[in-house]
Amino acid sequence: MSSINESIIELMYLTSKIGNPGDRVRVTEWIKKLSETATEPDVHPNLVEEYLDYLKLLLSSSPIYFVDPFKSYPPKQQRLVPLAESLGNSLANGCPYLPRSGPVKPILLHRSDDDTAVISVHQNQQGEVMCYMAVTPRT
């Protein structure tokens, strides 16, 4: 498991390998937003770690394929929502018949020792549990 600072350093290294300058700038803005969010006193530690781990997985794949929320720039004035909520709302935006995710709280965050897999479990206000997993091979 890596710390937030180690993850940010690894992400900056991976970002330097992105060929498209626009993608590089967008990812750099995400890293900046996540590092700023990590220093806020009332932020749950798993919130930033989930985004960092997910971005690390995306940047470690070949070819790099950006998905929400990293297809766009990070929100400037609003706070980040848990990644599970963001991903759920991304799916709801693409499929109008799916309900939007409400506020969720983290229950579990686990990464593999080599940072190639992450699994997270969250619970929403209605008590429903959401789980997501991301895996990438190291090349």
# chains A, B, ... in the order shown; residues from 1 in each chain; ligands from 1
call {"tool": "select_by_dssp", "arguments": {"residues": "range 37-81 of chain A", "states": "helix (DSSP H, G or I)", "output": "ChimeraX atom specification"}}
result
/A:37-38,45-60
call {"tool": "write_last_selection", "arguments": {"atoms": "N, CA, C and O atoms", "output": "mmCIF file, in the first residue's frame"}}
result
data_model
loop_
_atom_site.group_PDB
_atom_site.id
_atom_site.type_symbol
_atom_site.label_atom_id
_atom_site.label_comp_id
_atom_site.auth_asym_id
_atom_site.auth_seq_id
_atom_site.Cartn_x
_atom_site.Cartn_y
_atom_site.Cartn_z
ATOM 1 N N THR A 37 -7.363 18.514 -1.810
ATOM 2 C CA THR A 37 -8.453 17.901 -1.053
ATOM 3 C C THR A 37 -7.905 17.084 0.110
ATOM 4 O O THR A 37 -8.496 17.052 1.189
ATOM 5 N N ALA A 38 -6.776 16.418 -0.084
ATOM 6 C CA ALA A 38 -6.188 15.574 0.955
ATOM 7 C C ALA A 38 -5.785 16.381 2.182
ATOM 8 O O ALA A 38 -5.754 15.845 3.297
ATOM 9 N N PRO A 45 -10.220 10.138 4.727
ATOM 10 C CA PRO A 45 -8.983 9.760 4.033
ATOM 11 C C PRO A 45 -9.204 8.873 2.807
ATOM 12 O O PRO A 45 -8.470 8.979 1.830
ATOM 13 N N ASN A 46 -10.214 8.010 2.858
ATOM 14 C CA ASN A 46 -10.445 7.120 1.717
ATOM 15 C C ASN A 46 -10.919 7.867 0.484
ATOM 16 O O ASN A 46 -10.747 7.376 -0.629
ATOM 17 N N LEU A 47 -11.518 9.039 0.645
ATOM 18 C CA LEU A 47 -12.033 9.793 -0.494
ATOM 19 C C LEU A 47 -10.928 10.052 -1.514
ATOM 20 O O LEU A 47 -11.063 9.726 -2.691
ATOM 21 N N VAL A 48 -9.828 10.614 -1.070
ATOM 22 C CA VAL A 48 -8.720 10.950 -1.968
ATOM 23 C C VAL A 48 -8.006 9.686 -2.435
ATOM 24 O O VAL A 48 -7.655 9.565 -3.609
ATOM 25 N N GLU A 49 -7.815 8.724 -1.539
ATOM 26 C CA GLU A 49 -7.118 7.494 -1.901
ATOM 27 C C GLU A 49 -7.831 6.756 -3.024
ATOM 28 O O GLU A 49 -7.178 6.207 -3.915
ATOM 29 N N GLU A 50 -9.154 6.731 -3.004
ATOM 30 C CA GLU A 50 -9.899 6.047 -4.066
ATOM 31 C C GLU A 50 -9.662 6.697 -5.424
ATOM 32 O O GLU A 50 -9.416 6.009 -6.416
ATOM 33 N N TYR A 51 -9.740 8.020 -5.480
ATOM 34 C CA TYR A 51 -9.491 8.726 -6.740
ATOM 35 C C TYR A 51 -8.057 8.488 -7.213
ATOM 36 O O TYR A 51 -7.819 8.243 -8.397
ATOM 37 N N LEU A 52 -7.088 8.575 -6.288
ATOM 38 C CA LEU A 52 -5.691 8.370 -6.660
ATOM 39 C C LEU A 52 -5.466 6.959 -7.199
ATOM 40 O O LEU A 52 -4.807 6.774 -8.231
ATOM 41 N N ASP A 53 -6.027 5.974 -6.508
ATOM 42 C CA ASP A 53 -5.849 4.586 -6.947
ATOM 43 C C ASP A 53 -6.494 4.350 -8.306
ATOM 44 O O ASP A 53 -5.922 3.679 -9.167
ATOM 45 N N TYR A 54 -7.679 4.894 -8.494
ATOM 46 C CA TYR A 54 -8.384 4.699 -9.760
ATOM 47 C C TYR A 54 -7.621 5.372 -10.910
ATOM 48 O O TYR A 54 -7.441 4.788 -11.973
ATOM 49 N N LEU A 55 -7.143 6.585 -10.677
ATOM 50 C CA LEU A 55 -6.371 7.290 -11.702
ATOM 51 C C LEU A 55 -5.067 6.552 -11.988
ATOM 52 O O LEU A 55 -4.657 6.420 -13.147
ATOM 53 N N LYS A 56 -4.433 6.026 -10.960
ATOM 54 C CA LYS A 56 -3.200 5.266 -11.145
ATOM 55 C C LYS A 56 -3.459 4.027 -12.008
ATOM 56 O O LYS A 56 -2.669 3.705 -12.894
ATOM 57 N N LEU A 57 -4.565 3.366 -11.762
ATOM 58 C CA LEU A 57 -4.914 2.200 -12.577
ATOM 59 C C LEU A 57 -5.140 2.591 -14.034
ATOM 60 O O LEU A 57 -4.691 1.899 -14.947
ATOM 61 N N LEU A 58 -5.826 3.700 -14.258
ATOM 62 C CA LEU A 58 -6.081 4.143 -15.633
ATOM 63 C C LEU A 58 -4.784 4.488 -16.356
ATOM 64 O O LEU A 58 -4.600 4.134 -17.524
ATOM 65 N N LEU A 59 -3.888 5.179 -15.659
ATOM 66 C CA LEU A 59 -2.639 5.605 -16.291
ATOM 67 C C LEU A 59 -1.650 4.461 -16.454
ATOM 68 O O LEU A 59 -0.712 4.564 -17.249
ATOM 69 N N SER A 60 -1.837 3.377 -15.718
ATOM 70 C CA SER A 60 -0.930 2.235 -15.818
ATOM 71 C C SER A 60 -1.299 1.310 -16.961
ATOM 72 O O SER A 60 -0.526 0.421 -17.313
#
call {"tool": "residues_around", "arguments": {"residues": "range 70-79 of chain A", "least_positions_apart": "4", "cutoff": "6 Å", "atoms": "only C-alpha atoms", "output": "PyMOL selection string"}}
result
chain A and resi 26+30+66
call {"tool": "write_last_selection", "arguments": {"atoms": "C-alpha atoms", "output": "tab-separated table (two decimals), in the first residue's frame"}}
result
chain	number	residue	atom	x	y	z
A	26	ARG	CA	-6.18	17.65	-17.34
A	30	TRP	CA	-6.83	16.30	-11.14
A	66	PHE	CA	-9.86	8.02	-19.84
call {"tool": "select_by_dssp", "arguments": {"residues": "chain A", "states": "strand (DSSP E or B)", "output": "count of residues only"}}
result
23
call {"tool": "closest_residue", "arguments": {"among": "A:Ile64, A:Met130, A:Val135, A:Leu80", "to": "Ile18 in chain A", "atoms": "only C-alpha atoms"}}
result
A:Ile64
call {"tool": "closest_residue", "arguments": {"among": "A:Arg111, A:Leu87, A:Ser3, A:Met133", "to": "Ser35 in chain A", "atoms": "only C-alpha atoms"}}
result
A:Ser3
